[in-house]
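Enquirer: Below is one structure. I have some questions about it.
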Amino acid sequence: RASKEPPNFLYISHEADEKHVDAMNWDKLEFGVIPTDYMYIMICSDGENFSQGHLAPYRKIELSPFAGILNYGQGILEGLKAIRTKDGRIQLFRPEENALRMKMGAERLCMPCPSTEQFLAALKQAVLANKRWVPPSGKGVLYIRPLLIGSGPVLGLGSATEYTFLIFATPIGSYHKSGSTMNLYIENEVRRATPGGTGGIKSITNYSPIFRTVQKARAKGFTDVLFLDAATGKNIEECSSSNIFIVKDNVILTPPTNGTVLPGITRKSIIEIALHLNYVVEERDVSLEDVLAADEVFCTGTAVDVIAVSSITYRDKRVEYRRGKETVFCKLREMLTEIQTGLIEDKMGWTLLI
Ligand code: COI
C-alpha cells in the first residue's frame with residue numbers, strides 16, 4: 001500500500017490508467033469514460049465525521065466484498081459540470097445545490113455526508129487538479145461525479161461501518177447520440193419510482209432497474225423512455241436521466257418534486273429563468289392528455305442539458321411538437337447556456353469561478 005492511501009476499508013490500486021490528454025480530439029467527445037489525472041477521496045470511520053480528504057492519482061479502487069455499497073446498495077451519486085468560458089476561465093454551476101441534494105439523499109439512506117463546505121472544497125481541488133481535461137469552450141464539459149458509498153463491510157442489514165466520499169471526472173460531449181432532439185416513448189409497464197421510495201434522491205439503486213426498458217426503447221429507435229407515476233399511471237414523471245417540461249399556450253408545466261421526481265438542478269434553474277422572463281410556470285401533475293396536447297416539450301438534466309423533444313409515442317399514438325428558434329424552449333435554453341458559459345453576466349449568482 002502506498003503511504004498516502006486511506007487507512008481503512010477502501011484501497012487505491014497502484015496500477016495507473018494511461019491518459020492521453022495531448023492526443024484528445026475535442027471535436028469527437030461522446031458521453032463516456034475518459035480517465036483523468038486525479039480523484040478526491042475522504043473517509044468517515046466513526047459514522048459521523050469525514051476527515052483527511054485528499055487528492056490521489058486517479059486509479060481503480062479495492063473494496064471488501066462485504067462492502068455496504070456492493071451488497072445493499074448504500075450509495076448516492078451526484079453530477080455537475082466544469083465549463084470553460086469563451087475567455088478560457090473554468091466555472092462550476094450551482095455546486096452548493098449538489099452538496100445539499102447529496103445530504104438529503106444521504107439522510108434518506110442512513111449515511112453520514114460531508115458538509116457543504118467540505119463538498120465545495122473537495123470539488124475545487126478535484127477540478128483544479130484535472131483542469132487540463134476541461135474541454136475548450138463549446139466542445140464539451142468536464143463532467144464531475146461525486147459519489148458517497150458505504151465502503152465498510154456489513155452483513156446484518158444496516159448501515160455500513162465506514163463511508164467513502166469520492167470525486168472523479170471525465171470530459172464529455174452530448175449525452176444523447178441523437179444530438180439536439182429526443183423522440184420519447186411512454187412506458188406503461190415499468191415504473192421508475194414509487195411513493196415513499198427513493199425516486200426523489202440520487203440513489204445509485206434508481207438507475208439499473210430501468211436499463212432494460214430504456215434498452216428496448218432504443219432498439220425501436222427511441223431516444224429515451226418517459227415514465228408514468230406508479231400510483232395512478234395517468235401522469236408523467238420523468239425520463240431515465242432527465243426532468244420533463246411541457247409548454248401549452250405559453251404556460252410552462254412540469255411535474256412537482258414530491259418524492260417520486262428528482263429535484264434536478266437544471267430543472268430548478270429553468271423554472272427560475274422562466275419566472276425571470278415573466279412566463280407562467282406551474283409545478284403540478286401533468287397528465288398523459290396534457291402531454292399529448294402540448295405545443296412544446298423539452299427535457300432538462302446535468303448530463304442531457306436542455307434538450308427539445310420532437311415526438312412522444314404512447315401506445316400506437318405519436319405526437320410531434322413545435323421546434324425552432326421562436327419556441328419557449330429556445331429562449332430558456334439560450335439564457336441558461338449564456339450564464340453557464342459566461343457569455344452574459346450571471347445576475348443569479350449561480351456560477352462559481354474556479
Ligand atoms: C446527471 O444528469 O448528472 C445524471 O446524473 C444523469 C446520469 C445518471 C447520466
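Following the order of the C-alpha cells, first chain is A, next is B, and so on, with residues numbered from 1 inside each chain and ligands from 1 in the order they appear.
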Out of range 23-127 of chain A, which residues get strand (DSSP E) from DSSP, as a PyMOL selection string?
Expert: chain A and resi 38-44+51-57+59-62+75-77+80-84+90-93
Enquirer: Would you export the selected residues with N, CA and C atoms as a PDB file, in the first residue's frame, please?
Expert:
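Ended up saving to out_23.pdb:
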ATOM      1  N   TYR A  38      -6.632  12.994 -11.568  1.00  0.00           N
ATOM      2  CA  TYR A  38      -6.790  12.858 -10.110  1.00  0.00           C
ATOM      3  C   TYR A  38      -8.223  12.572  -9.695  1.00  0.00           C
ATOM      4  N   MET A  39      -8.349  11.978  -8.524  1.00  0.00           N
ATOM      5  CA  MET A  39      -9.651  11.886  -7.867  1.00  0.00           C
ATOM      6  C   MET A  39      -9.474  12.371  -6.431  1.00  0.00           C
ATOM      7  N   TYR A  40     -10.570  12.705  -5.821  1.00  0.00           N
ATOM      8  CA  TYR A  40     -10.528  13.176  -4.436  1.00  0.00           C
ATOM      9  C   TYR A  40     -11.152  12.087  -3.575  1.00  0.00           C
ATOM     10  N   ILE A  41     -10.616  11.911  -2.386  1.00  0.00           N
ATOM     11  CA  ILE A  41     -11.128  10.841  -1.526  1.00  0.00           C
ATOM     12  C   ILE A  41     -11.156  11.300  -0.067  1.00  0.00           C
ATOM     13  N   MET A  42     -12.240  10.966   0.611  1.00  0.00           N
ATOM     14  CA  MET A  42     -12.378  11.356   2.028  1.00  0.00           C
ATOM     15  C   MET A  42     -13.192  10.261   2.736  1.00  0.00           C
ATOM     16  N   ILE A  43     -12.759   9.916   3.941  1.00  0.00           N
ATOM     17  CA  ILE A  43     -13.325   8.760   4.643  1.00  0.00           C
ATOM     18  C   ILE A  43     -14.049   9.201   5.917  1.00  0.00           C
ATOM     19  N   CYS A  44     -15.093   8.464   6.261  1.00  0.00           N
ATOM     20  CA  CYS A  44     -15.749   8.620   7.563  1.00  0.00           C
ATOM     21  C   CYS A  44     -15.724   7.259   8.246  1.00  0.00           C
ATOM     22  N   SER A  51     -13.046  13.122   7.338  1.00  0.00           N
ATOM     23  CA  SER A  51     -11.821  13.886   7.595  1.00  0.00           C
ATOM     24  C   SER A  51     -10.697  13.401   6.695  1.00  0.00           C
ATOM     25  N   GLN A  52      -9.611  14.185   6.722  1.00  0.00           N
ATOM     26  CA  GLN A  52      -8.378  13.867   5.984  1.00  0.00           C
ATOM     27  C   GLN A  52      -8.620  13.631   4.502  1.00  0.00           C
ATOM     28  N   GLY A  53      -9.498  14.460   3.926  1.00  0.00           N
ATOM     29  CA  GLY A  53      -9.722  14.351   2.485  1.00  0.00           C
ATOM     30  C   GLY A  53      -8.461  14.725   1.734  1.00  0.00           C
ATOM     31  N   HIS A  54      -8.210  14.070   0.628  1.00  0.00           N
ATOM     32  CA  HIS A  54      -7.020  14.412  -0.160  1.00  0.00           C
ATOM     33  C   HIS A  54      -7.203  14.001  -1.612  1.00  0.00           C
ATOM     34  N   LEU A  55      -6.373  14.592  -2.459  1.00  0.00           N
ATOM     35  CA  LEU A  55      -6.327  14.184  -3.863  1.00  0.00           C
ATOM     36  C   LEU A  55      -5.466  12.941  -3.970  1.00  0.00           C
ATOM     37  N   ALA A  56      -5.813  12.071  -4.898  1.00  0.00           N
ATOM     38  CA  ALA A  56      -4.972  10.898  -5.167  1.00  0.00           C
ATOM     39  C   ALA A  56      -4.952  10.723  -6.682  1.00  0.00           C
ATOM     40  N   PRO A  57      -3.910  10.124  -7.213  1.00  0.00           N
ATOM     41  CA  PRO A  57      -3.934   9.853  -8.654  1.00  0.00           C
ATOM     42  C   PRO A  57      -5.176   9.021  -8.974  1.00  0.00           C
ATOM     43  N   ARG A  59      -7.191   6.158  -9.954  1.00  0.00           N
ATOM     44  CA  ARG A  59      -6.844   4.729 -10.014  1.00  0.00           C
ATOM     45  C   ARG A  59      -8.088   3.896  -9.749  1.00  0.00           C
ATOM     46  N   LYS A  60      -7.948   2.579  -9.982  1.00  0.00           N
ATOM     47  CA  LYS A  60      -9.005   1.664  -9.556  1.00  0.00           C
ATOM     48  C   LYS A  60      -9.016   1.622  -8.038  1.00  0.00           C
ATOM     49  N   ILE A  61     -10.201   1.304  -7.459  1.00  0.00           N
ATOM     50  CA  ILE A  61     -10.260   1.163  -6.011  1.00  0.00           C
ATOM     51  C   ILE A  61     -10.559  -0.294  -5.660  1.00  0.00           C
ATOM     52  N   GLU A  62     -10.171  -0.685  -4.470  1.00  0.00           N
ATOM     53  CA  GLU A  62     -10.468  -2.042  -3.984  1.00  0.00           C
ATOM     54  C   GLU A  62     -11.397  -1.947  -2.800  1.00  0.00           C
ATOM     55  N   GLY A  75     -25.620   3.916  -1.458  1.00  0.00           N
ATOM     56  CA  GLY A  75     -24.797   4.856  -2.217  1.00  0.00           C
ATOM     57  C   GLY A  75     -25.610   5.944  -2.883  1.00  0.00           C
ATOM     58  N   ILE A  76     -24.985   7.114  -2.963  1.00  0.00           N
ATOM     59  CA  ILE A  76     -25.600   8.293  -3.584  1.00  0.00           C
ATOM     60  C   ILE A  76     -24.629   8.839  -4.617  1.00  0.00           C
ATOM     61  N   LEU A  77     -25.149   9.189  -5.785  1.00  0.00           N
ATOM     62  CA  LEU A  77     -24.278   9.842  -6.761  1.00  0.00           C
ATOM     63  C   LEU A  77     -24.740  11.272  -6.993  1.00  0.00           C
ATOM     64  N   LEU A  80     -22.226  17.072 -11.860  1.00  0.00           N
ATOM     65  CA  LEU A  80     -22.181  18.505 -12.185  1.00  0.00           C
ATOM     66  C   LEU A  80     -21.078  18.737 -13.204  1.00  0.00           C
ATOM     67  N   LYS A  81     -21.038  19.971 -13.711  1.00  0.00           N
ATOM     68  CA  LYS A  81     -20.142  20.223 -14.834  1.00  0.00           C
ATOM     69  C   LYS A  81     -19.171  21.364 -14.539  1.00  0.00           C
ATOM     70  N   ALA A  82     -17.930  21.218 -14.998  1.00  0.00           N
ATOM     71  CA  ALA A  82     -16.999  22.346 -15.036  1.00  0.00           C
ATOM     72  C   ALA A  82     -16.954  22.782 -16.499  1.00  0.00           C
ATOM     73  N   ILE A  83     -17.267  24.061 -16.698  1.00  0.00           N
ATOM     74  CA  ILE A  83     -17.431  24.559 -18.072  1.00  0.00           C
ATOM     75  C   ILE A  83     -16.356  25.603 -18.359  1.00  0.00           C
ATOM     76  N   ARG A  84     -15.746  25.494 -19.543  1.00  0.00           N
ATOM     77  CA  ARG A  84     -14.765  26.516 -19.927  1.00  0.00           C
ATOM     78  C   ARG A  84     -15.486  27.656 -20.639  1.00  0.00           C
ATOM     79  N   ILE A  90     -12.643  28.705 -15.988  1.00  0.00           N
ATOM     80  CA  ILE A  90     -13.409  27.477 -15.713  1.00  0.00           C
ATOM     81  C   ILE A  90     -14.427  27.796 -14.633  1.00  0.00           C
ATOM     82  N   GLN A  91     -15.700  27.460 -14.899  1.00  0.00           N
ATOM     83  CA  GLN A  91     -16.679  27.703 -13.841  1.00  0.00           C
ATOM     84  C   GLN A  91     -17.600  26.518 -13.590  1.00  0.00           C
ATOM     85  N   LEU A  92     -18.031  26.427 -12.338  1.00  0.00           N
ATOM     86  CA  LEU A  92     -18.988  25.407 -11.913  1.00  0.00           C
ATOM     87  C   LEU A  92     -20.357  26.046 -11.850  1.00  0.00           C
ATOM     88  N   PHE A  93     -21.401  25.219 -11.963  1.00  0.00           N
ATOM     89  CA  PHE A  93     -22.763  25.740 -11.956  1.00  0.00           C
ATOM     90  C   PHE A  93     -23.499  25.238 -10.704  1.00  0.00           C
TER      91      PHE A  93
END
Enquirer: Neighbouring residues of range 330-333 of chain A were defined as those with any atom within 9 Å, considering only C-alpha atoms; residues of the same chain fewer than 6 positions away were excluded. Please report them as a PDB file with N, CA and C atoms, in the first residue's frame.
Expert:
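Output contents, as saved in around36.pdb:
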ATOM      1  N   ILE A 270     -34.139  26.279 -14.790  1.00  0.00           N
ATOM      2  CA  ILE A 270     -35.031  26.629 -15.906  1.00  0.00           C
ATOM      3  C   ILE A 270     -36.322  27.274 -15.371  1.00  0.00           C
ATOM      4  N   ILE A 271     -36.830  26.775 -14.258  1.00  0.00           N
ATOM      5  CA  ILE A 271     -38.032  27.387 -13.661  1.00  0.00           C
ATOM      6  C   ILE A 271     -37.712  28.831 -13.262  1.00  0.00           C
ATOM      7  N   ILE A 273     -35.380  30.816 -14.434  1.00  0.00           N
ATOM      8  CA  ILE A 273     -35.183  31.658 -15.633  1.00  0.00           C
ATOM      9  C   ILE A 273     -36.544  31.994 -16.252  1.00  0.00           C
ATOM     10  N   ALA A 274     -37.435  31.006 -16.314  1.00  0.00           N
ATOM     11  CA  ALA A 274     -38.766  31.236 -16.907  1.00  0.00           C
ATOM     12  C   ALA A 274     -39.519  32.305 -16.120  1.00  0.00           C
ATOM     13  N   LEU A 277     -38.172  35.626 -16.882  1.00  0.00           N
ATOM     14  CA  LEU A 277     -38.599  36.115 -18.209  1.00  0.00           C
ATOM     15  C   LEU A 277     -40.131  36.314 -18.276  1.00  0.00           C
ATOM     16  N   ASP A 305     -28.432  18.272 -20.442  1.00  0.00           N
ATOM     17  CA  ASP A 305     -28.527  19.717 -20.668  1.00  0.00           C
ATOM     18  C   ASP A 305     -30.020  20.075 -20.835  1.00  0.00           C
ATOM     19  N   VAL A 306     -30.347  21.001 -21.742  1.00  0.00           N
ATOM     20  CA  VAL A 306     -31.757  21.331 -22.006  1.00  0.00           C
ATOM     21  C   VAL A 306     -31.989  20.928 -23.451  1.00  0.00           C
ATOM     22  N   ILE A 307     -32.862  19.965 -23.658  1.00  0.00           N
ATOM     23  CA  ILE A 307     -32.954  19.352 -24.988  1.00  0.00           C
ATOM     24  C   ILE A 307     -34.416  19.247 -25.432  1.00  0.00           C
ATOM     25  N   ALA A 308     -34.668  19.620 -26.678  1.00  0.00           N
ATOM     26  CA  ALA A 308     -36.046  19.617 -27.206  1.00  0.00           C
ATOM     27  C   ALA A 308     -36.517  18.189 -27.449  1.00  0.00           C
ATOM     28  N   ARG A 323     -40.929  23.094 -32.924  1.00  0.00           N
ATOM     29  CA  ARG A 323     -39.484  23.263 -32.748  1.00  0.00           C
ATOM     30  C   ARG A 323     -39.083  24.613 -33.314  1.00  0.00           C
ATOM     31  N   GLY A 324     -37.821  24.947 -33.184  1.00  0.00           N
ATOM     32  CA  GLY A 324     -37.329  26.147 -33.877  1.00  0.00           C
ATOM     33  C   GLY A 324     -37.008  27.293 -32.949  1.00  0.00           C
TER      34      GLY A 324
END
Enquirer: Set the distance at 9 Å and use only C-alpha atoms: which residues neighbour Ile210 in chain A once local chain neighbours fewer than 4 positions away are removed? I'd like the list as a list of chain:residue names.
Expert: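 Residues meeting the cut-off are A:Val190, A:Arg191, A:Arg192, A:Asn206, A:Val214, A:Gln215, A:Ser240.
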Enquirer: Please, could you write that set of residues out with N, CA and C atoms as a PDB file, in the first residue's frame?
Expert:
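See out_16.pdb below for the written result:
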ATOM      1  N   VAL A 190     -43.315  -0.643 -16.670  1.00  0.00           N
ATOM      2  CA  VAL A 190     -42.308  -0.470 -15.615  1.00  0.00           C
ATOM      3  C   VAL A 190     -42.427   0.927 -15.035  1.00  0.00           C
ATOM      4  N   ARG A 191     -42.329   1.026 -13.705  1.00  0.00           N
ATOM      5  CA  ARG A 191     -42.338   2.344 -13.062  1.00  0.00           C
ATOM      6  C   ARG A 191     -40.943   2.659 -12.547  1.00  0.00           C
ATOM      7  N   ARG A 192     -40.552   3.919 -12.671  1.00  0.00           N
ATOM      8  CA  ARG A 192     -39.225   4.323 -12.200  1.00  0.00           C
ATOM      9  C   ARG A 192     -39.198   4.523 -10.694  1.00  0.00           C
ATOM     10  N   ASN A 206     -31.513   3.660  -8.165  1.00  0.00           N
ATOM     11  CA  ASN A 206     -32.630   4.106  -9.016  1.00  0.00           C
ATOM     12  C   ASN A 206     -32.407   3.809 -10.493  1.00  0.00           C
ATOM     13  N   VAL A 214     -35.116   1.025 -21.100  1.00  0.00           N
ATOM     14  CA  VAL A 214     -34.523   2.039 -21.985  1.00  0.00           C
ATOM     15  C   VAL A 214     -33.861   1.343 -23.186  1.00  0.00           C
ATOM     16  N   GLN A 215     -33.201   0.235 -22.898  1.00  0.00           N
ATOM     17  CA  GLN A 215     -32.536  -0.513 -23.971  1.00  0.00           C
ATOM     18  C   GLN A 215     -33.541  -0.959 -25.045  1.00  0.00           C
ATOM     19  N   SER A 240     -35.339   8.698 -18.148  1.00  0.00           N
ATOM     20  CA  SER A 240     -34.356   7.894 -17.415  1.00  0.00           C
ATOM     21  C   SER A 240     -33.308   8.766 -16.734  1.00  0.00           C
TER      22      SER A 240
END
Enquirer: From the list A:Pro153, A:Pro146, A:Gly88, A:Gly47, which residue is nearest ligand 1 when using only C-alpha atoms and all ligand atoms?
Expert: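 Of all the options, A:Pro146 lies closest to ligand 1.
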Enquirer: Could you list the protein, DNA and RNA residues that have any atom within 7 Å of ligand 1, counting only C-alpha atoms and all ligand atoms, and write them as a ChimeraX atom specification?
Expert: /A:78-80,207,241-242,301-304
Enquirer: Output N, CA and C atoms for every residue in the selection just made, as a PDB file, in the first residue's frame.
Expert:
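Contents of the output file part.pdb:
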ATOM      1  N   GLU A  78     -23.834  12.069  -7.503  1.00  0.00           N
ATOM      2  CA  GLU A  78     -24.167  13.429  -7.941  1.00  0.00           C
ATOM      3  C   GLU A  78     -23.561  13.644  -9.316  1.00  0.00           C
ATOM      4  N   GLY A  79     -23.965  14.703  -9.967  1.00  0.00           N
ATOM      5  CA  GLY A  79     -23.380  15.020 -11.266  1.00  0.00           C
ATOM      6  C   GLY A  79     -23.361  16.526 -11.440  1.00  0.00           C
ATOM      7  N   LEU A  80     -22.226  17.072 -11.860  1.00  0.00           N
ATOM      8  CA  LEU A  80     -22.181  18.505 -12.185  1.00  0.00           C
ATOM      9  C   LEU A  80     -21.078  18.737 -13.204  1.00  0.00           C
ATOM     10  N   TYR A 207     -31.165   3.510 -10.866  1.00  0.00           N
ATOM     11  CA  TYR A 207     -30.846   3.532 -12.286  1.00  0.00           C
ATOM     12  C   TYR A 207     -30.928   2.164 -12.976  1.00  0.00           C
ATOM     13  N   SER A 241     -32.956   9.891 -17.348  1.00  0.00           N
ATOM     14  CA  SER A 241     -31.896  10.709 -16.763  1.00  0.00           C
ATOM     15  C   SER A 241     -32.205  12.198 -16.884  1.00  0.00           C
ATOM     16  N   SER A 242     -33.494  12.545 -16.959  1.00  0.00           N
ATOM     17  CA  SER A 242     -33.822  13.977 -17.082  1.00  0.00           C
ATOM     18  C   SER A 242     -35.236  14.268 -16.607  1.00  0.00           C
ATOM     19  N   GLY A 301     -31.457  18.267 -17.563  1.00  0.00           N
ATOM     20  CA  GLY A 301     -30.635  17.460 -16.659  1.00  0.00           C
ATOM     21  C   GLY A 301     -29.196  17.922 -16.796  1.00  0.00           C
ATOM     22  N   THR A 302     -28.364  17.580 -15.832  1.00  0.00           N
ATOM     23  CA  THR A 302     -26.961  17.988 -15.935  1.00  0.00           C
ATOM     24  C   THR A 302     -26.328  17.344 -17.165  1.00  0.00           C
ATOM     25  N   ALA A 303     -26.523  16.033 -17.289  1.00  0.00           N
ATOM     26  CA  ALA A 303     -25.895  15.329 -18.407  1.00  0.00           C
ATOM     27  C   ALA A 303     -26.573  15.666 -19.736  1.00  0.00           C
ATOM     28  N   VAL A 304     -27.909  15.683 -19.768  1.00  0.00           N
ATOM     29  CA  VAL A 304     -28.596  15.907 -21.056  1.00  0.00           C
ATOM     30  C   VAL A 304     -28.649  17.375 -21.428  1.00  0.00           C
TER      31      VAL A 304
END
Enquirer: Leaving out Tyr72 in chain A and any residue of its chain fewer than 4 positions from it, which residues lie within 12 Å of it when counting only C-alpha atoms, given as a PDB file with N, CA and C atoms, in the first residue's frame?
Expert:
ATOM      1  N   PRO A  65     -15.501  -7.455  -0.369  1.00  0.00           N
ATOM      2  CA  PRO A  65     -16.713  -7.999  -0.994  1.00  0.00           C
ATOM      3  C   PRO A  65     -17.957  -7.785  -0.125  1.00  0.00           C
ATOM      4  N   PHE A  66     -17.754  -7.575   1.181  1.00  0.00           N
ATOM      5  CA  PHE A  66     -18.900  -7.343   2.075  1.00  0.00           C
ATOM      6  C   PHE A  66     -19.305  -5.852   2.146  1.00  0.00           C
ATOM      7  N   ALA A  67     -18.651  -4.991   1.363  1.00  0.00           N
ATOM      8  CA  ALA A  67     -18.933  -3.549   1.470  1.00  0.00           C
ATOM      9  C   ALA A  67     -20.427  -3.276   1.315  1.00  0.00           C
ATOM     10  N   GLY A  68     -20.926  -2.336   2.122  1.00  0.00           N
ATOM     11  CA  GLY A  68     -22.352  -1.993   2.110  1.00  0.00           C
ATOM     12  C   GLY A  68     -22.848  -1.612   0.722  1.00  0.00           C
ATOM     13  N   LEU A 109     -30.823   7.502   3.060  1.00  0.00           N
ATOM     14  CA  LEU A 109     -30.175   6.186   3.019  1.00  0.00           C
ATOM     15  C   LEU A 109     -29.336   5.901   4.264  1.00  0.00           C
ATOM     16  N   ILE A 149     -20.395   6.389  -0.718  1.00  0.00           N
ATOM     17  CA  ILE A 149     -20.725   4.959  -0.643  1.00  0.00           C
ATOM     18  C   ILE A 149     -20.440   4.385   0.747  1.00  0.00           C
ATOM     19  N   GLY A 150     -21.203   3.369   1.096  1.00  0.00           N
ATOM     20  CA  GLY A 150     -20.901   2.577   2.277  1.00  0.00           C
ATOM     21  C   GLY A 150     -19.764   1.640   1.886  1.00  0.00           C
ATOM     22  N   SER A 151     -18.532   1.947   2.343  1.00  0.00           N
ATOM     23  CA  SER A 151     -17.375   1.164   1.902  1.00  0.00           C
ATOM     24  C   SER A 151     -16.976   0.097   2.917  1.00  0.00           C
ATOM     25  N   GLY A 152     -17.481   0.201   4.138  1.00  0.00           N
ATOM     26  CA  GLY A 152     -17.120  -0.774   5.167  1.00  0.00           C
ATOM     27  C   GLY A 152     -17.930  -2.058   5.018  1.00  0.00           C
ATOM     28  N   PRO A 153     -17.374  -3.194   5.534  1.00  0.00           N
ATOM     29  CA  PRO A 153     -18.072  -4.468   5.425  1.00  0.00           C
ATOM     30  C   PRO A 153     -19.272  -4.533   6.359  1.00  0.00           C
ATOM     31  N   VAL A 154     -20.326  -5.180   5.920  1.00  0.00           N
ATOM     32  CA  VAL A 154     -21.527  -5.312   6.741  1.00  0.00           C
ATOM     33  C   VAL A 154     -22.255  -6.569   6.277  1.00  0.00           C
ATOM     34  N   LEU A 155     -22.859  -7.287   7.223  1.00  0.00           N
ATOM     35  CA  LEU A 155     -23.623  -8.464   6.807  1.00  0.00           C
ATOM     36  C   LEU A 155     -25.079  -8.339   7.253  1.00  0.00           C
ATOM     37  N   GLY A 156     -25.281  -8.128   8.560  1.00  0.00           N
ATOM     38  CA  GLY A 156     -26.652  -7.915   9.021  1.00  0.00           C
ATOM     39  C   GLY A 156     -27.179  -6.636   8.395  1.00  0.00           C
ATOM     40  N   LEU A 157     -28.461  -6.607   8.039  1.00  0.00           N
ATOM     41  CA  LEU A 157     -28.999  -5.421   7.375  1.00  0.00           C
ATOM     42  C   LEU A 157     -28.817  -4.199   8.249  1.00  0.00           C
ATOM     43  N   GLY A 158     -28.159  -3.198   7.706  1.00  0.00           N
ATOM     44  CA  GLY A 158     -27.937  -1.974   8.464  1.00  0.00           C
ATOM     45  C   GLY A 158     -26.836  -1.172   7.821  1.00  0.00           C
ATOM     46  N   SER A 159     -26.559  -0.025   8.421  1.00  0.00           N
ATOM     47  CA  SER A 159     -25.586   0.887   7.838  1.00  0.00           C
ATOM     48  C   SER A 159     -24.188   0.289   7.830  1.00  0.00           C
ATOM     49  N   ALA A 160     -23.417   0.683   6.836  1.00  0.00           N
ATOM     50  CA  ALA A 160     -22.029   0.228   6.737  1.00  0.00           C
ATOM     51  C   ALA A 160     -21.210   0.790   7.902  1.00  0.00           C
ATOM     52  N   SER A 203     -30.174   8.062  -5.467  1.00  0.00           N
ATOM     53  CA  SER A 203     -29.686   6.763  -5.001  1.00  0.00           C
ATOM     54  C   SER A 203     -29.162   5.994  -6.207  1.00  0.00           C
ATOM     55  N   ILE A 204     -28.016   5.330  -6.042  1.00  0.00           N
ATOM     56  CA  ILE A 204     -27.479   4.563  -7.173  1.00  0.00           C
ATOM     57  C   ILE A 204     -28.443   3.455  -7.591  1.00  0.00           C
ATOM     58  N   THR A 205     -29.316   3.054  -6.671  1.00  0.00           N
ATOM     59  CA  THR A 205     -30.244   1.955  -6.964  1.00  0.00           C
ATOM     60  C   THR A 205     -31.404   2.380  -7.855  1.00  0.00           C
TER      61      THR A 205
END
Enquirer: Of the candidates A:Pro256, A:Pro171, A:Gly233, A:Pro114, which shows the shortest atom-to-atom distance to Asn188 in chain A, using only C-alpha atoms?
Expert: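 Of A:Pro256, A:Pro171, A:Gly233, A:Pro114, the one nearest Asn188 in chain A is A:Gly233, counting only C-alpha atoms.
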Enquirer: Would you please work out which residue, of A:Val281, A:Leu228, A:Met24, A:Ile236, is nearest to Val251 in chain A when using only C-alpha atoms?
Expert: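 Closest to Val251 in chain A, using only C-alpha atoms: A:Val281.
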Enquirer: Ile186 in chain A: which residues within 9 Å, counting only C-alpha atoms, same-chain residues fewer than 5 positions away excluded, as an MDAnalysis selection string?
Expert: chainID A and resid 224:228 236 312:315
Enquirer: I need the residues from that last selection saved to file as a PDB file, in the first residue's frame (with C-alpha atoms), if you can.
Expert:
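Okay, result39.pdb is ready:
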ATOM      1  CA  ASP A 224     -35.371   7.638 -24.181  1.00  0.00           C
ATOM      2  CA  VAL A 225     -38.295   6.479 -22.065  1.00  0.00           C
ATOM      3  CA  LEU A 226     -40.768   8.737 -20.280  1.00  0.00           C
ATOM      4  CA  PHE A 227     -42.050   7.097 -17.087  1.00  0.00           C
ATOM      5  CA  LEU A 228     -45.539   7.397 -15.579  1.00  0.00           C
ATOM      6  CA  ILE A 236     -45.895  11.684 -16.471  1.00  0.00           C
ATOM      7  CA  ILE A 312     -43.672  11.325 -27.984  1.00  0.00           C
ATOM      8  CA  THR A 313     -45.177   7.914 -28.651  1.00  0.00           C
ATOM      9  CA  TYR A 314     -47.797   6.414 -26.346  1.00  0.00           C
ATOM     10  CA  ARG A 315     -49.238   3.035 -27.341  1.00  0.00           C
TER      11      ARG A 315
END
Enquirer: Please determine, counting only C-alpha atoms, which residue among A:Pro209, A:Val291, A:Met348, A:Gly32 has the shortest atom-to-atom distance to His276 in chain A.
Expert: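 Ranking A:Pro209, A:Val291, A:Met348, A:Gly32 by distance to His276 in chain A, first place goes to A:Met348.
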Enquirer: Could you check which of A:Thr161, A:Gln118, A:Ser45, A:Thr85 is closest to Ser64 in chain A, using only C-alpha atoms?
Expert: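 Among A:Thr161, A:Gln118, A:Ser45, A:Thr85, it is A:Thr161 that comes nearest to Ser64 in chain A.
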